[in-house]
file work_28.cif (mmCIF, C-alpha atoms)
data_structure
#
loop_
_atom_site.label_atom_id
_atom_site.label_comp_id
_atom_site.auth_asym_id
_atom_site.auth_seq_id
_atom_site.Cartn_x
_atom_site.Cartn_y
_atom_site.Cartn_z
CA MET A 939 46.31 71.01 23.50
CA LYS A 940 42.82 71.97 24.55
CA LYS A 941 41.43 70.97 21.14
CA LYS A 942 43.22 67.62 21.30
CA TYR A 943 41.87 67.02 24.79
CA ILE A 944 38.28 67.67 23.63
CA THR A 945 38.71 65.26 20.71
CA MET A 946 39.90 62.48 23.04
CA ILE A 947 36.89 63.01 25.33
CA THR A 948 34.52 62.80 22.34
CA VAL A 949 36.05 59.53 21.09
CA ALA A 950 35.89 58.04 24.59
CA ALA A 951 32.22 59.02 24.85
CA ILE A 952 31.40 57.34 21.54
CA ILE A 953 33.21 54.13 22.55
CA GLY A 954 31.40 54.13 25.89
CA ALA A 955 28.04 54.50 24.19
CA LEU A 956 28.79 51.55 21.87
CA LEU A 957 29.82 49.36 24.80
CA LEU A 958 26.64 50.25 26.68
CA SER A 959 24.54 49.36 23.61
CA ILE A 960 26.24 45.97 23.22
CA PHE A 961 25.78 45.24 26.93
CA ALA A 962 22.09 46.15 26.76
CA ILE A 963 21.50 43.87 23.74
CA ASN A 964 23.26 40.92 25.43
CA MET A 965 21.25 41.38 28.61
CA SER A 966 18.01 41.44 26.60
CA LYS A 967 18.90 38.14 24.88
CA LYS A 968 19.82 36.51 28.18
CA LYS A 969 16.57 37.58 29.80
CA LYS A 970 14.58 36.17 26.87
CA ALA A 971 16.47 32.88 27.08
CA ALA A 972 15.87 32.75 30.82
CA GLY A 973 12.14 33.25 30.31
CA MET A 974 11.77 30.59 27.57
CA GLY A 975 14.27 28.10 28.93
CA MET A 976 16.84 26.25 26.87
CA PRO A 977 16.57 22.49 26.33
CA GLY A 978 18.74 20.90 28.97
CA GLY A 979 20.50 24.25 29.73
CA TRP A 980 20.64 27.13 32.21
CA GLY A 981 18.82 30.44 32.10
CA ALA A 982 20.42 33.88 31.92
CA PHE A 983 20.96 34.25 35.63
CA GLY A 984 22.05 30.75 36.56
CA GLY A 985 18.52 29.34 37.07
CA PHE A 986 17.34 26.25 35.13
CA GLY A 987 14.93 27.36 32.37
CA ALA A 988 11.73 25.44 31.51
CA ALA A 989 12.34 22.87 28.74
CA GLN A 990 10.92 23.89 25.36
CA GLU A 991 8.33 21.44 24.02
CA THR A 992 8.62 19.97 20.52
CA SER A 993 5.39 19.19 18.65
CA VAL A 994 5.30 15.56 17.47
CA ARG A 995 2.89 12.78 16.55
CA THR A 996 3.01 9.52 18.47
CA MET A 997 1.49 6.04 18.38
CA GLU A 998 1.00 3.33 20.96
CA LEU A 999 2.79 0.10 20.13
CA LYS A 1000 0.62 -2.97 19.64
CA ASN A 1001 1.51 -6.48 18.56
CA SER A 1002 0.05 -6.72 15.08
CA VAL A 1003 0.00 -8.98 12.03
CA LEU A 1004 2.14 -7.83 9.11
CA THR A 1005 0.88 -9.45 5.89
CA ASP A 1006 3.27 -9.80 2.95
CA PHE A 1007 2.04 -9.80 -0.64
CA VAL A 1008 3.03 -10.15 -4.29
CA ILE A 1009 1.86 -7.83 -7.07
CA THR A 1010 1.27 -9.38 -10.49
CA ASN A 1011 -1.05 -9.16 -13.51
CA GLY A 1012 -3.57 -11.55 -14.98
CA GLU A 1013 -6.48 -12.14 -17.36
CA ILE A 1014 -10.15 -12.74 -16.60
CA GLU A 1015 -11.27 -15.96 -18.28
CA THR A 1016 -14.18 -18.40 -18.16
CA GLN A 1017 -13.64 -21.42 -15.92
CA THR A 1018 -15.00 -23.73 -18.61
CA SER A 1019 -14.44 -23.12 -22.32
CA ILE A 1020 -14.08 -25.16 -25.48
CA GLU A 1021 -13.07 -24.45 -29.06
CA VAL A 1022 -15.47 -25.64 -31.76
CA PHE A 1023 -14.13 -27.17 -35.01
CA PRO A 1024 -16.04 -28.20 -38.17
CA SER A 1025 -16.25 -31.89 -39.08
CA ILE A 1026 -15.53 -31.07 -42.73
CA GLY A 1027 -13.68 -28.38 -44.63
CA GLY A 1028 -15.35 -25.93 -46.97
CA LYS A 1029 -16.94 -22.51 -47.18
CA VAL A 1030 -18.83 -20.97 -44.25
CA VAL A 1031 -22.15 -20.11 -45.81
CA GLU A 1032 -24.03 -19.09 -42.66
CA MET A 1033 -23.15 -18.09 -39.06
CA LYS A 1034 -26.09 -18.60 -36.70
CA VAL A 1035 -24.43 -16.93 -33.67
CA SER A 1036 -22.35 -13.86 -32.83
CA LEU A 1037 -20.06 -12.79 -30.01
CA GLY A 1038 -21.90 -13.08 -26.68
CA SER A 1039 -24.78 -15.20 -28.00
CA PRO A 1040 -26.07 -17.81 -25.54
CA VAL A 1041 -26.17 -21.37 -26.86
CA LYS A 1042 -27.29 -24.75 -25.60
CA GLN A 1043 -25.61 -28.06 -26.22
CA GLY A 1044 -26.62 -29.28 -29.70
CA ASP A 1045 -27.58 -25.86 -31.08
CA ILE A 1046 -26.43 -25.19 -34.66
CA ILE A 1047 -23.66 -22.60 -34.73
CA ALA A 1048 -22.86 -22.47 -38.47
CA TYR A 1049 -23.26 -24.23 -41.80
CA ILE A 1050 -20.32 -25.36 -43.94
CA ASP A 1051 -20.67 -26.02 -47.68
CA PRO A 1052 -18.02 -28.59 -48.74
CA SER A 1053 -18.92 -28.32 -52.46
CA GLU A 1054 -16.17 -27.83 -55.02
CA PRO A 1055 -16.51 -26.75 -58.68
CA GLY A 1056 -18.24 -29.57 -60.52
CA SER A 1057 -19.54 -31.26 -57.35
CA TYR A 1058 -22.32 -30.40 -54.95
CA TYR A 1059 -22.90 -31.55 -51.40
CA ALA A 1060 -25.42 -30.85 -48.67
CA LYS A 1061 -24.54 -28.13 -46.16
CA SER A 1062 -22.85 -29.53 -43.05
CA PRO A 1063 -23.98 -28.08 -39.66
CA VAL A 1064 -21.56 -27.19 -36.85
CA THR A 1065 -23.17 -27.76 -33.43
CA ALA A 1066 -22.37 -26.58 -29.88
CA PRO A 1067 -20.71 -29.35 -27.81
CA ILE A 1068 -21.60 -27.61 -24.51
CA SER A 1069 -23.98 -24.95 -23.23
CA GLY A 1070 -22.66 -21.44 -22.57
CA SER A 1071 -21.97 -18.21 -24.43
CA ILE A 1072 -19.95 -17.42 -27.53
CA ILE A 1073 -16.76 -15.81 -26.19
CA SER A 1074 -14.81 -15.87 -29.45
CA SER A 1075 -15.96 -15.93 -33.08
CA PRO A 1076 -12.95 -15.64 -35.36
CA VAL A 1077 -14.59 -16.63 -38.70
CA LYS A 1078 -17.23 -14.94 -40.83
CA ALA A 1079 -19.65 -16.10 -43.51
CA GLY A 1080 -17.94 -16.64 -46.85
CA GLN A 1081 -14.62 -17.66 -45.30
CA LYS A 1082 -12.90 -20.94 -46.25
CA VAL A 1083 -12.17 -23.26 -43.31
CA SER A 1084 -10.61 -26.65 -42.68
CA VAL A 1085 -11.16 -29.25 -39.97
CA SER A 1086 -8.41 -27.50 -37.93
CA SER A 1087 -10.06 -24.06 -38.10
CA VAL A 1088 -11.71 -22.73 -34.91
CA ILE A 1089 -15.25 -21.69 -35.75
CA THR A 1090 -16.14 -20.34 -32.28
CA LYS A 1091 -15.17 -20.65 -28.64
CA ILE A 1092 -17.89 -21.35 -26.07
CA GLY A 1093 -17.52 -20.56 -22.39
CA ASP A 1094 -19.56 -20.27 -19.20
CA ILE A 1095 -19.43 -16.52 -18.52
CA SER A 1096 -21.33 -16.92 -15.23
CA ASN A 1097 -18.27 -18.62 -13.71
CA LEU A 1098 -15.08 -16.63 -14.23
CA GLN A 1099 -11.51 -17.12 -13.08
CA VAL A 1100 -8.26 -15.16 -13.06
CA THR A 1101 -5.17 -16.62 -14.68
CA ALA A 1102 -1.91 -15.06 -13.47
CA LYS A 1103 1.82 -15.73 -13.56
CA VAL A 1104 3.99 -15.37 -10.44
CA PRO A 1105 7.78 -14.81 -10.67
CA GLU A 1106 9.92 -17.79 -9.73
CA ARG A 1107 11.42 -16.05 -6.66
CA TYR A 1108 7.96 -16.12 -4.98
CA VAL A 1109 7.10 -19.74 -5.80
CA ALA A 1110 7.92 -20.98 -2.28
CA ASP A 1111 5.23 -18.63 -0.87
CA LEU A 1112 2.38 -19.98 -3.01
CA ARG A 1113 -0.41 -22.03 -1.40
CA ILE A 1114 -3.93 -23.13 -2.29
CA GLY A 1115 -6.53 -20.91 -0.63
CA GLN A 1116 -4.46 -17.70 -0.56
CA ARG A 1117 -6.62 -14.59 -0.86
CA ALA A 1118 -6.10 -11.84 -3.42
CA GLU A 1119 -7.44 -8.37 -4.20
CA ILE A 1120 -8.28 -7.78 -7.87
CA LEU A 1121 -8.29 -4.32 -9.46
CA LEU A 1122 -9.78 -3.81 -12.92
CA GLN A 1123 -8.89 -0.82 -15.09
CA ALA A 1124 -12.56 -0.11 -15.82
CA TYR A 1125 -13.45 0.34 -12.13
CA GLY A 1126 -10.50 2.29 -10.70
CA GLU A 1127 -9.78 1.43 -7.03
CA GLU A 1128 -12.85 -0.79 -6.53
CA LYS A 1129 -11.69 -4.14 -5.18
CA PHE A 1130 -12.85 -7.64 -6.10
CA TYR A 1131 -11.77 -10.70 -4.13
CA ALA A 1132 -10.57 -14.12 -5.25
CA LYS A 1133 -8.75 -17.18 -3.91
CA VAL A 1134 -6.06 -19.44 -5.37
CA VAL A 1135 -7.57 -22.76 -6.48
CA ARG A 1136 -4.82 -24.18 -8.71
CA ILE A 1137 -1.05 -23.85 -8.90
CA SER A 1138 0.92 -25.12 -11.89
CA PRO A 1139 3.31 -27.96 -10.99
CA VAL A 1140 6.01 -26.54 -13.28
CA VAL A 1141 7.88 -23.27 -13.79
CA ASP A 1142 7.85 -21.90 -17.33
CA SER A 1143 11.50 -22.07 -18.43
CA ALA A 1144 11.05 -19.19 -20.89
CA THR A 1145 9.41 -16.65 -18.55
CA ARG A 1146 10.66 -18.05 -15.19
CA THR A 1147 7.11 -17.85 -13.83
CA LYS A 1148 4.54 -20.23 -12.40
CA GLU A 1149 0.89 -20.02 -13.44
CA ILE A 1150 -1.85 -19.83 -10.82
CA ILE A 1151 -5.64 -19.90 -11.17
CA LEU A 1152 -7.91 -17.88 -8.86
CA ASN A 1153 -11.69 -18.14 -8.51
CA PHE A 1154 -13.80 -15.16 -7.43
CA GLU A 1155 -15.30 -15.39 -3.95
CA GLU A 1156 -18.68 -14.29 -5.32
CA SER A 1157 -20.32 -13.56 -8.65
CA TYR A 1158 -19.51 -10.01 -9.79
CA GLU A 1159 -21.74 -8.73 -12.59
CA LYS A 1160 -19.22 -6.00 -13.40
CA VAL A 1161 -16.45 -8.49 -14.20
CA ASN A 1162 -16.25 -9.68 -17.80
CA ALA A 1163 -14.17 -12.32 -19.52
CA GLY A 1164 -11.22 -10.80 -21.34
CA MET A 1165 -10.56 -8.03 -18.81
CA PHE A 1166 -7.02 -7.24 -17.65
CA ALA A 1167 -6.51 -7.64 -13.88
CA LYS A 1168 -3.98 -6.22 -11.44
CA ILE A 1169 -3.56 -8.72 -8.60
CA LYS A 1170 -2.39 -8.23 -5.02
CA LEU A 1171 -1.81 -11.76 -3.73
CA TYR A 1172 -1.40 -12.07 0.05
CA THR A 1173 1.29 -14.63 0.90
CA ASN A 1174 2.69 -14.70 4.48
CA ASP A 1175 1.55 -13.39 7.87
CA TYR A 1176 4.20 -12.21 10.35
CA GLU A 1177 2.88 -11.68 13.87
CA GLY A 1178 3.82 -11.36 17.53
CA TYR A 1179 5.68 -8.04 17.38
CA PRO A 1180 4.89 -4.31 17.34
CA ILE A 1181 4.82 -2.57 13.96
CA VAL A 1182 5.95 1.01 13.20
CA PRO A 1183 6.07 3.15 10.05
CA GLN A 1184 9.47 3.03 8.36
CA ASP A 1185 9.76 6.84 8.51
CA SER A 1186 9.61 6.84 12.32
CA LEU A 1187 13.03 5.12 12.54
CA VAL A 1188 16.21 7.15 13.04
CA ASN A 1189 19.26 5.69 11.27
CA ASN A 1190 22.64 6.39 12.85
CA ASN A 1191 25.65 4.50 11.48
CA ASP A 1192 23.44 1.62 10.28
CA LYS A 1193 21.83 1.34 13.72
CA TYR A 1194 18.15 2.11 14.11
CA TYR A 1195 16.50 4.01 16.96
CA LEU A 1196 13.03 4.99 18.11
CA PHE A 1197 12.16 7.86 20.44
CA VAL A 1198 10.04 6.45 23.27
CA VAL A 1199 7.79 8.91 25.13
CA LYS A 1200 7.96 8.57 28.93
CA GLU A 1201 5.28 9.49 31.49
CA ASP A 1202 6.75 12.99 32.02
CA ASN A 1203 6.50 13.65 28.23
CA THR A 1204 10.25 13.49 27.73
CA VAL A 1205 11.76 11.08 25.22
CA GLU A 1206 14.28 8.30 25.43
CA LYS A 1207 16.32 7.36 22.36
CA ARG A 1208 16.06 3.56 22.18
CA LEU A 1209 18.15 1.18 20.01
CA VAL A 1210 15.85 -1.34 18.30
CA THR A 1211 16.15 -4.54 16.26
CA LEU A 1212 14.23 -4.64 13.00
CA GLY A 1213 12.23 -7.56 11.63
CA LYS A 1214 10.23 -7.93 8.43
CA ASN A 1215 9.58 -4.89 6.23
CA VAL A 1216 6.32 -4.82 4.24
CA ASP A 1217 4.98 -1.86 2.30
CA GLY A 1218 6.67 0.82 4.44
CA TYR A 1219 6.15 -0.83 7.86
CA TYR A 1220 8.72 -2.62 10.05
CA GLN A 1221 8.38 -5.23 12.74
CA ILE A 1222 10.32 -4.30 15.89
CA LEU A 1223 11.82 -7.48 17.35
CA ASP A 1224 13.61 -5.94 20.34
CA GLY A 1225 14.17 -2.62 22.11
CA VAL A 1226 10.55 -1.59 22.75
CA SER A 1227 7.47 -3.26 24.20
CA GLU A 1228 3.77 -3.37 23.47
CA GLY A 1229 1.96 -0.50 25.18
CA GLU A 1230 4.84 1.98 24.95
CA ARG A 1231 4.32 5.18 22.98
CA VAL A 1232 6.81 6.17 20.28
CA VAL A 1233 7.29 9.25 18.11
CA ILE A 1234 6.31 8.72 14.46
CA GLU A 1235 6.54 12.32 13.19
CA GLY A 1236 8.80 15.19 14.26
CA MET A 1237 11.67 13.05 15.52
CA LEU A 1238 14.41 14.72 13.44
CA THR A 1239 14.94 17.59 15.93
CA LEU A 1240 14.68 15.43 19.07
CA PHE A 1241 17.45 14.43 21.47
CA GLU A 1242 17.69 12.34 24.64
CA GLY A 1243 15.50 13.90 27.33
CA ALA A 1244 13.73 16.37 25.02
CA LYS A 1245 10.21 17.35 26.08
CA VAL A 1246 7.47 16.70 23.53
CA ARG A 1247 3.80 17.44 22.98
CA ASP A 1248 1.58 15.16 20.89
CA VAL A 1249 -0.36 17.43 18.53
CA ASP A 1250 -3.11 14.80 18.21
CA ALA A 1251 -3.68 14.50 21.96
CA PRO A 1252 -6.73 16.36 23.36
CA ALA A 1253 -5.88 19.60 25.18
CA PRO A 1254 -6.39 19.37 28.97
CA LEU A 1255 -9.32 21.37 30.35
CA PRO A 1256 -8.39 24.37 32.55
CA ALA A 1257 -8.97 23.92 36.26
CA GLU A 1258 -11.71 25.90 37.99
CA GLY A 1259 -10.41 29.19 39.27
CA GLU A 1260 -7.99 29.47 36.36
CA GLY A 1261 -10.37 30.98 33.86
CA ALA A 1262 -12.54 27.86 33.43
CA LYS A 1263 -16.32 28.14 33.35
CA THR A 1264 -18.08 26.36 36.18
CA ASP A 1265 -20.28 24.46 33.69
CA ALA A 1266 -17.35 23.26 31.56
CA PRO A 1267 -17.44 19.49 30.84
CA LYS A 1268 -14.98 17.31 32.74
CA TRP A 1269 -13.05 14.25 31.57
CA GLU A 1270 -14.54 10.98 32.82
CA ALA A 1271 -12.84 7.62 33.11
CA ARG A 1272 -14.41 5.01 30.87
#

call {"tool": "encode", "arguments": {"input": "work_28.cif", "output": "structure tokens"}}
result
Amino acid sequence: MKKKYITMITVAAIIGALLLSIFAINMSKKKKAAGMGMPGGWGAFGGFGAAQETSVRTMELKNSVLTDFVITNGEIETQTSIEVFPSIGGKVVEMKVSLGSPVKQGDIIAYIDPSEPGSYYAKSPVTAPISGSIISSPVKAGQKVSVSSVITKIGDISNLQVTAKVPERYVADLRIGQRAEILLQAYGEEKFYAKVVRISPVVDSATRTKEIILNFEESYEKVNAGMFAKIKLYTNDYEGYPIVPQDSLVNNNDKYYLFVVKEDNTVEKRLVTLGKNVDGYYQILDGVSEGERVVIEGMLTLFEGAKVRDVDAPAPLPAEGEGAKTDAPKWEAR
């Protein structure tokens, strides 16, 4: 009986020690929670803990212009060009020009020999109908040509244009004078600027596109006829409303919200109405106002009333007597 009694006491002591350990761990957790504070909750001993701040990035809302655009491709061409044909068929016996050669109106470009076996004729000259540069020279000396053969193509390489085709769905947005950014493969991200000067009156039934012509706003020495162009054509301006990045919106059951930062650095979850969407930015038609500050990064862990800290905002200077140096600079109103 004595041995059994000792065993029972030992078991009870072990259980008591385990209970004390569990109690101590729980008390430690509660004290830690009370010191840090829980968002919107109570501390370990019934007191209200300080709200934990969430680091975010914010922006001030401003009414801005959202500019829509169309991306398409085009070719750099001369504004003025003409194909040159011989007045008689025969053999090209001499080419007086080559690709890129400058010519003046009336200059001899080539000589054609119309002679056939058993008959001989004087060489016939081919002359330039306009001044410019040779931008195409498809024939060579010794080649047989007819009156429908193109000997050369002459163009004014000092005045270039961009010819592009715009899909039919954007035709209603086309207007004379629209500005465009031109990117050329040879120059990476360097931008050249042009404006729409002509719009085709018809839609190509085969490609379902409409051709437009753009002239460069200035003379660019780097731009050459024949280059391939990537075109960003600006079409419509939407204004009068604040604009936010698309990623700052919170989608809940097909309703969209923004977190608005209040003066006490807590947030309010605000239902908003979306407007136009261009290149990752949305107009906000209703729900927020110009001058309000909204969260644009870090909103996924936020809730109504959460306290936030803008990581881009300057840190406040410590007050004198709280570790600040007496010669520390102070913020001044500007």

call {"tool": "residues_around", "arguments": {"input": "work_28.cif", "residues": "Val1232 in chain A", "least_positions_apart": "6", "cutoff": "6 Å", "atoms": "only C-alpha atoms", "output": "number ranges by chain"}}
result
A: 996-997, 1197-1199

call {"tool": "resolve_selection", "arguments": {"input": "work_28.cif", "expression": "the PyMOL selection byres ((chain A and resi 1012) around 10)", "output": "list in words"}}
result
Thr1010, Asn1011, Glu1013, Ile1014, Glu1015, Gln1099, Val1100, Thr1101, Ala1102, Lys1103, Val1104, Ile1120, Glu1149, Ile1150, Ile1151, Leu1152, Gly1164, Met1165, Phe1166, Ala1167, Lys1168 and Ile1169 of chain A

call {"tool": "resolve_selection", "arguments": {"input": "work_28.cif", "expression": "the PyMOL selection byres ((chain A and resi 1211) around 9)", "output": "short mmCIF file (atom, residue, chain, number, x, y, z; two decimals) with C-alpha atoms, keeping the file's coordinate frame"}}
result
data_model
loop_
_atom_site.label_atom_id
_atom_site.label_comp_id
_atom_site.auth_asym_id
_atom_site.auth_seq_id
_atom_site.Cartn_x
_atom_site.Cartn_y
_atom_site.Cartn_z
CA LYS A 1193 21.83 1.34 13.72
CA TYR A 1194 18.15 2.11 14.11
CA TYR A 1195 16.50 4.01 16.96
CA LEU A 1209 18.15 1.18 20.01
CA VAL A 1210 15.85 -1.34 18.30
CA LEU A 1212 14.23 -4.64 13.00
CA GLY A 1213 12.23 -7.56 11.63
CA GLN A 1221 8.38 -5.23 12.74
CA ILE A 1222 10.32 -4.30 15.89
CA LEU A 1223 11.82 -7.48 17.35
CA ASP A 1224 13.61 -5.94 20.34
CA GLY A 1225 14.17 -2.62 22.11
#

call {"tool": "resolve_selection", "arguments": {"input": "work_28.cif", "expression": "the PyMOL selection byres ((chain A and resi 1217) around 12)", "output": "PyMOL selection string"}}
result
chain A and resi 1004-1009+1181-1185+1214-1216+1218-1221

call {"tool": "atom_distance", "arguments": {"input": "work_28.cif", "atom1": "CA of Arg1136 in chain A", "atom2": "CA of Ile1114 in chain A"}}
result
6.6 Å

call {"tool": "atom_distance", "arguments": {"input": "work_28.cif", "atom1": "CA of Phe1241 in chain A", "atom2": "CA of Pro1180 in chain A"}}
result
22.9 Å

call {"tool": "decode", "arguments": {"input": "work_28.cif", "residues": "range 1087-1111 of chain A", "atoms": "C-alpha atoms", "output": "mmCIF file, in the first residue's frame"}}
result
data_model
loop_
_atom_site.group_PDB
_atom_site.id
_atom_site.type_symbol
_atom_site.label_atom_id
_atom_site.label_comp_id
_atom_site.auth_asym_id
_atom_site.auth_seq_id
_atom_site.Cartn_x
_atom_site.Cartn_y
_atom_site.Cartn_z
ATOM 1 C CA SER A 1087 10.329 47.859 -116.676
ATOM 2 C CA VAL A 1088 11.255 50.088 -113.710
ATOM 3 C CA ILE A 1089 14.817 51.295 -114.205
ATOM 4 C CA THR A 1090 15.094 53.203 -110.900
ATOM 5 C CA LYS A 1091 12.974 54.878 -108.258
ATOM 6 C CA ILE A 1092 13.790 58.454 -107.251
ATOM 7 C CA GLY A 1093 12.724 59.981 -103.950
ATOM 8 C CA ASP A 1094 13.388 62.982 -101.724
ATOM 9 C CA ILE A 1095 15.154 61.391 -98.743
ATOM 10 C CA SER A 1096 15.281 64.715 -96.873
ATOM 11 C CA ASN A 1097 11.496 64.551 -96.383
ATOM 12 C CA LEU A 1098 10.353 61.222 -94.966
ATOM 13 C CA GLN A 1099 6.981 59.895 -93.865
ATOM 14 C CA VAL A 1100 5.602 56.867 -92.058
ATOM 15 C CA THR A 1101 2.969 54.713 -93.729
ATOM 16 C CA ALA A 1102 0.960 52.571 -91.299
ATOM 17 C CA LYS A 1103 -2.220 50.518 -91.215
ATOM 18 C CA VAL A 1104 -4.702 50.793 -88.334
ATOM 19 C CA PRO A 1105 -7.203 47.981 -87.543
ATOM 20 C CA GLU A 1106 -10.807 48.706 -88.459
ATOM 21 C CA ARG A 1107 -11.991 48.679 -84.814
ATOM 22 C CA TYR A 1108 -9.956 51.867 -84.160
ATOM 23 C CA VAL A 1109 -11.044 53.777 -87.278
ATOM 24 C CA ALA A 1110 -13.529 55.957 -85.359
ATOM 25 C CA ASP A 1111 -10.648 57.275 -83.199
#
